[in-house]
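Visitor: Can you keep this structure in mind? I'll have questions shortly.
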Amino acid sequence: MALTKIKLDSMVTGTLPDANIPDDITITGLSGTNTGDQTLPTDFVSATSGGTFGGDVTLGTDNLYKTKRNSGEVIRFERVADTNRHNSISSHSTDGGNATIDFLVHDAVGDATQTNVLSLKGSGDATFAGDLNLNTGGSIWVGSDIVNNTEQGIYWHNAHSEYGIYRTAGGWDASDYQQLKIDCNTGIIIDGGSSYGKSGVEIVGDATFAGDVNINTSGKGLYFAGSNSRIYFGTKRALEGNSAGTNLQIGEHYSALTLYGNATFTGTISSNVISITTSGGAVGADFNGTTVGRGQLHLNRDDTATVKQIQFHKNGSEHSYLETNTDGLTIGGANTTFTGANLRVVGGSAKPVQIVSGTIASVAHNTWTSVARVGHTHVLEVKIWASSGGNRNRMSVYDVITSYGSNSVNTERETGAYGPAGGATVDNIELQYNNNGYKLDVRTTVSDSNTTCTIYYMITGLADELIYDW
């Protein structure tokens, strides 16, 4: 039976509208004692609809409380004439807490089946069953303050510190603070694409790799865009080059550089010392190898065997060589020609055999001119060729013997001349040893005293000092 009216009758005293209503009103048709808090009958709204409002329900400033002793559905959203396909909000809790609120949506699989799309937990966690889509301009905020010492972030597993993007744990202290970590035990792939101008991956700032860096695509490389870039091992600069392609430095902070395998240099090699060895060693050391220094070439052997240490080849065959043995040097394999203004050959004994040649130009008529310094003790053969131009020549051969403390003996052994008409001729050649400076002097006379001549000489013999050109 629905409650349709409240009858006051004799309970009201006075004349309306100023009437006094007693504190207690008795209403028939209610359950209980009819005093204090009352329970409305189940058919208070509509007995046929099970408590369904046909129109809007408007609340004032008060709250709407739903009390349910058991966990389960609290609010259901149904379609008209289709009570199976519905959405609902469920609440779950126990006396110990652990409360959750679940948002369930009809999944279009079965007539009355639902998917729990969102679960809100009393711990503050929220679980989405599907994607989370943000409107344009929306954001996701993780945590309320970056300085909090928590590993707050996004995770794909059931524990922090793995499979996630998160803030590292620790205090927010200068100067290192904390960092954003991308962590996946099974690997991370960063794909920046390659189809557009800015495709790829750009890292701004320093990057530290704890493992290897592999370039696994053919034709790709390691590029340094700066005008001057370097590669370090530890704190040691190993490789440095500029982007202009004009300078590349290798091993600047290293005391040794080793190349394994063949090496080809298409340009000029400049170095203080280049050492090519089989067992290592320095210049002049006892090792097998070659050392190239500034203006120096060292071919080192650690034995006394006879070896052609320098060989010259033409058309695939040996042409000539320099060969060393225990106590000698052999120039072999071809005729040997020495060219140059002067020739000096010196033997290795205490009184070395010496051959010295040279040229003196513009020797004046009847003037003593020094040819060479020969020391104070010697036995020499001196050949002089004087030319006044054209085919006008005179040649003489002298024997010069000098011993310290005695007079020098100078003997002209042979002489000969040719002087065709039409020019000045060399008429005489004289040679003397000058003890003042231990030198050989030569004097020529020419038919025309204003004509100079050129002197060519060769000195061979033994001397206790080296013979030098004057």
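In the structure tokens, each chain is lettered A, B, ... as it comes, each chain's residues begin at 1, and ligands are numbered from 1 in order of appearance.
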Set the distance at 10 Å and use only C-alpha atoms: which residues neighbour Gly295 (chain A) once local chain neighbours fewer than 2 positions away are removed? I'd like the list as a list of chain:residue names.
Guide: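 Listing them by chain and then by number gives A:Asn272, A:Val273, A:Val292, A:Gly293, A:Leu297.
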Visitor: Do a neighbour search on Ala463 (chain A) at 8 Å with only C-alpha atoms, toss out local chain neighbours closer than 2 positions, and write the hits as a ChimeraX atom specification.
Guide: /A:351-354,374-375,377-380,461,465-467
Visitor: From the list A:Ser255, A:Ser357, A:Gln296, A:Gln249, which residue is nearest Phe338 (chain A) when using only C-alpha atoms?
Guide: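 For Phe338 (chain A), the nearest of the candidates is A:Ser357.
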Visitor: Let's see if you can do this: from backbone DSSP, list all strand (DSSP E) residues in region 144-279 of chain A, as an MDAnalysis selection string.
Guide: chainID A and resid 153:155 164:167 180:183 228:233 236:242 248:250 273:277
Visitor: Could you save those same residues with N, CA and C atoms as a JSON list (two decimals), in the first residue's frame?
Guide:
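Saved file result.json follows:
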[["chain", "number", "residue", "atom", "x", "y", "z"],
["A", 153, "GLY", "N", 57.26, 6.52, -12.34],
["A", 153, "GLY", "CA", 57.39, 6.42, -13.78],
["A", 153, "GLY", "C", 56.35, 5.53, -14.39],
["A", 154, "ILE", "N", 56.65, 4.99, -15.55],
["A", 154, "ILE", "CA", 55.76, 4.09, -16.29],
["A", 154, "ILE", "C", 56.42, 2.72, -16.32],
["A", 155, "TYR", "N", 55.67, 1.67, -16.01],
["A", 155, "TYR", "CA", 56.21, 0.31, -15.92],
["A", 155, "TYR", "C", 55.37, -0.66, -16.73],
["A", 164, "GLY", "N", 60.68, -0.33, -17.58],
["A", 164, "GLY", "CA", 59.95, 0.91, -17.41],
["A", 164, "GLY", "C", 60.75, 2.13, -17.84],
["A", 165, "ILE", "N", 60.08, 3.26, -17.78],
["A", 165, "ILE", "CA", 60.69, 4.58, -17.94],
["A", 165, "ILE", "C", 60.42, 5.31, -16.64],
["A", 166, "TYR", "N", 61.47, 5.59, -15.88],
["A", 166, "TYR", "CA", 61.23, 6.09, -14.53],
["A", 166, "TYR", "C", 62.41, 6.92, -14.04],
["A", 167, "ARG", "N", 62.13, 7.66, -12.98],
["A", 167, "ARG", "CA", 63.15, 8.45, -12.30],
["A", 167, "ARG", "C", 63.99, 7.53, -11.43],
["A", 180, "LEU", "N", 66.46, 10.23, -15.71],
["A", 180, "LEU", "CA", 65.37, 9.45, -16.28],
["A", 180, "LEU", "C", 65.98, 8.19, -16.90],
["A", 181, "LYS", "N", 65.48, 7.04, -16.50],
["A", 181, "LYS", "CA", 66.05, 5.76, -16.95],
["A", 181, "LYS", "C", 65.04, 5.00, -17.80],
["A", 182, "ILE", "N", 65.51, 4.52, -18.95],
["A", 182, "ILE", "CA", 64.72, 3.62, -19.79],
["A", 182, "ILE", "C", 65.30, 2.23, -19.60],
["A", 183, "ASP", "N", 64.49, 1.31, -19.09],
["A", 183, "ASP", "CA", 65.01, 0.02, -18.65],
["A", 183, "ASP", "C", 64.16, -1.10, -19.22],
["A", 228, "ASN", "N", 86.49, 20.09, -35.44],
["A", 228, "ASN", "CA", 87.61, 19.30, -34.94],
["A", 228, "ASN", "C", 87.06, 18.33, -33.89],
["A", 229, "SER", "N", 87.24, 17.03, -34.11],
["A", 229, "SER", "CA", 86.65, 16.01, -33.24],
["A", 229, "SER", "C", 87.72, 15.02, -32.80],
["A", 230, "ARG", "N", 87.44, 14.33, -31.67],
["A", 230, "ARG", "CA", 88.44, 13.46, -31.07],
["A", 230, "ARG", "C", 87.81, 12.18, -30.56],
["A", 231, "ILE", "N", 88.61, 11.12, -30.48],
["A", 231, "ILE", "CA", 88.24, 9.87, -29.84],
["A", 231, "ILE", "C", 89.27, 9.60, -28.74],
["A", 232, "TYR", "N", 88.77, 9.34, -27.53],
["A", 232, "TYR", "CA", 89.63, 9.11, -26.37],
["A", 232, "TYR", "C", 89.49, 7.67, -25.90],
["A", 233, "PHE", "N", 90.57, 7.11, -25.39],
["A", 233, "PHE", "CA", 90.55, 5.88, -24.62],
["A", 233, "PHE", "C", 90.95, 6.26, -23.20],
["A", 236, "LYS", "N", 93.19, 9.44, -22.64],
["A", 236, "LYS", "CA", 94.23, 9.55, -23.66],
["A", 236, "LYS", "C", 93.59, 9.80, -25.02],
["A", 237, "ARG", "N", 94.03, 10.87, -25.68],
["A", 237, "ARG", "CA", 93.52, 11.20, -27.00],
["A", 237, "ARG", "C", 94.15, 10.27, -28.02],
["A", 238, "ALA", "N", 93.33, 9.42, -28.64],
["A", 238, "ALA", "CA", 93.83, 8.42, -29.56],
["A", 238, "ALA", "C", 93.70, 8.85, -31.02],
["A", 239, "LEU", "N", 92.64, 9.57, -31.34],
["A", 239, "LEU", "CA", 92.39, 9.94, -32.73],
["A", 239, "LEU", "C", 91.77, 11.33, -32.76],
["A", 240, "GLU", "N", 92.30, 12.18, -33.63],
["A", 240, "GLU", "CA", 91.78, 13.54, -33.74],
["A", 240, "GLU", "C", 91.84, 13.96, -35.20],
["A", 241, "GLY", "N", 90.76, 14.55, -35.68],
["A", 241, "GLY", "CA", 90.75, 15.01, -37.06],
["A", 241, "GLY", "C", 89.78, 16.16, -37.24],
["A", 242, "ASN", "N", 89.96, 16.89, -38.33],
["A", 242, "ASN", "CA", 89.05, 18.00, -38.62],
["A", 242, "ASN", "C", 88.14, 17.61, -39.78],
["A", 248, "LEU", "N", 94.73, 14.63, -39.75],
["A", 248, "LEU", "CA", 94.28, 13.52, -38.92],
["A", 248, "LEU", "C", 95.46, 13.07, -38.07],
["A", 249, "GLN", "N", 95.25, 13.09, -36.75],
["A", 249, "GLN", "CA", 96.31, 12.72, -35.82],
["A", 249, "GLN", "C", 95.94, 11.40, -35.14],
["A", 250, "ILE", "N", 96.90, 10.48, -35.10],
["A", 250, "ILE", "CA", 96.69, 9.17, -34.49],
["A", 250, "ILE", "C", 97.69, 8.99, -33.36],
["A", 273, "VAL", "N", 111.48, 9.77, -36.58],
["A", 273, "VAL", "CA", 112.14, 8.49, -36.78],
["A", 273, "VAL", "C", 111.09, 7.46, -37.16],
["A", 274, "ILE", "N", 111.37, 6.64, -38.18],
["A", 274, "ILE", "CA", 110.53, 5.50, -38.54],
["A", 274, "ILE", "C", 111.36, 4.25, -38.35],
["A", 275, "SER", "N", 110.88, 3.33, -37.53],
["A", 275, "SER", "CA", 111.61, 2.10, -37.25],
["A", 275, "SER", "C", 110.78, 0.92, -37.73],
["A", 276, "ILE", "N", 111.33, 0.13, -38.65],
["A", 276, "ILE", "CA", 110.68, -1.06, -39.19],
["A", 276, "ILE", "C", 111.47, -2.26, -38.69],
["A", 277, "THR", "N", 110.92, -3.00, -37.75],
["A", 277, "THR", "CA", 111.68, -4.04, -37.08],
["A", 277, "THR", "C", 110.90, -5.33, -37.02]]
Visitor: Near Ile89 (chain A), counting only C-alpha atoms, which residues have an atom at most 6 Å away, once you skip same-chain residues fewer than 4 positions from it, shown as a list in words?
Guide: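 Those residues are Glu73, Val74, Ile75, Asp102 and Phe103 of chain A.
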Visitor: Print the selection's residues with N, CA and C atoms to a file, as a PDB file, in the first residue's frame.
Guide:
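Once everything was written out, this is result20.pdb:
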ATOM      1  N   GLU A  73      27.948  -4.759  -7.480  1.00  0.00           N
ATOM      2  CA  GLU A  73      27.427  -3.669  -8.278  1.00  0.00           C
ATOM      3  C   GLU A  73      26.686  -2.661  -7.402  1.00  0.00           C
ATOM      4  N   VAL A  74      26.979  -1.388  -7.670  1.00  0.00           N
ATOM      5  CA  VAL A  74      26.357  -0.308  -6.910  1.00  0.00           C
ATOM      6  C   VAL A  74      25.414   0.501  -7.795  1.00  0.00           C
ATOM      7  N   ILE A  75      25.870   0.840  -8.982  1.00  0.00           N
ATOM      8  CA  ILE A  75      25.069   1.625  -9.917  1.00  0.00           C
ATOM      9  C   ILE A  75      25.084   0.911 -11.251  1.00  0.00           C
ATOM     10  N   ASP A 102      35.290  -0.439  -9.461  1.00  0.00           N
ATOM     11  CA  ASP A 102      35.486  -0.925 -10.815  1.00  0.00           C
ATOM     12  C   ASP A 102      34.429  -0.324 -11.736  1.00  0.00           C
ATOM     13  N   PHE A 103      34.877   0.051 -12.938  1.00  0.00           N
ATOM     14  CA  PHE A 103      33.988   0.553 -13.973  1.00  0.00           C
ATOM     15  C   PHE A 103      33.892  -0.529 -15.035  1.00  0.00           C
TER      16      PHE A 103
END
Visitor: Counting only C-alpha atoms, which of A:Thr326, A:Asn288, A:Ser90, A:Asn133 gets nearest to Thr304 (chain A)?
Guide: A:Thr326
Visitor: Kindly indicate which residue among A:Glu202, A:Glu430, A:Glu151, A:Asp302 lies nearest to Gly289 (chain A), using only C-alpha atoms for the distances.
Guide: A:Asp302
Visitor: What is the distance, in Å and to one decimal place, between CA of Asn391 (chain A) and CA of Thr445 (chain A)?
Guide: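 According to the coordinates, CA of Asn391 (chain A) and CA of Thr445 (chain A) are separated by 16.4 Å.
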Visitor: Just want the 10 Å neighbourhood of Tyr321 (chain A), counted on only C-alpha atoms, with same-chain residues fewer than 4 positions away dropped. Output as a list in words.
Guide: Val307, Lys308, Gln309, Ile310, Gln311, Phe312, His313, Thr330, Ile331, Gly332, Gly333 and Ala334 of chain A
Visitor: Next, dump the selected residues to file, keeping only N, CA and C atoms, as a compact mmCIF listing (two decimals), in the first residue's frame.
Guide:
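Writing the result to out-v5.txt gives the following:
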# COMPACT_ATOMS: atom_id res chain seq x y z
N VAL A 307 125.38 -10.24 -46.34
CA VAL A 307 124.00 -9.97 -46.74
C VAL A 307 123.98 -8.78 -47.69
N LYS A 308 123.19 -8.90 -48.75
CA LYS A 308 122.94 -7.76 -49.62
C LYS A 308 121.87 -6.90 -48.93
N GLN A 309 122.32 -5.90 -48.22
CA GLN A 309 121.38 -5.12 -47.41
C GLN A 309 120.61 -4.09 -48.22
N ILE A 310 121.13 -3.72 -49.37
CA ILE A 310 120.40 -2.87 -50.30
C ILE A 310 120.52 -3.50 -51.68
N GLN A 311 119.38 -3.72 -52.33
CA GLN A 311 119.36 -4.28 -53.66
C GLN A 311 118.54 -3.38 -54.58
N PHE A 312 119.02 -3.27 -55.82
CA PHE A 312 118.33 -2.49 -56.84
C PHE A 312 117.92 -3.45 -57.96
N HIS A 313 116.65 -3.35 -58.38
CA HIS A 313 116.12 -4.24 -59.40
C HIS A 313 115.58 -3.43 -60.59
N THR A 330 130.69 -4.28 -50.20
CA THR A 330 130.86 -4.54 -51.62
C THR A 330 129.77 -3.83 -52.40
N ILE A 331 130.20 -3.06 -53.43
CA ILE A 331 129.27 -2.48 -54.39
C ILE A 331 129.35 -3.35 -55.62
N GLY A 332 128.28 -4.06 -55.91
CA GLY A 332 128.38 -5.05 -56.97
C GLY A 332 127.18 -5.09 -57.87
N GLY A 333 127.32 -5.94 -58.87
CA GLY A 333 126.21 -6.22 -59.77
C GLY A 333 126.19 -5.38 -61.01
N ALA A 334 126.87 -4.25 -61.07
CA ALA A 334 126.84 -3.38 -62.25
C ALA A 334 128.05 -2.46 -62.20
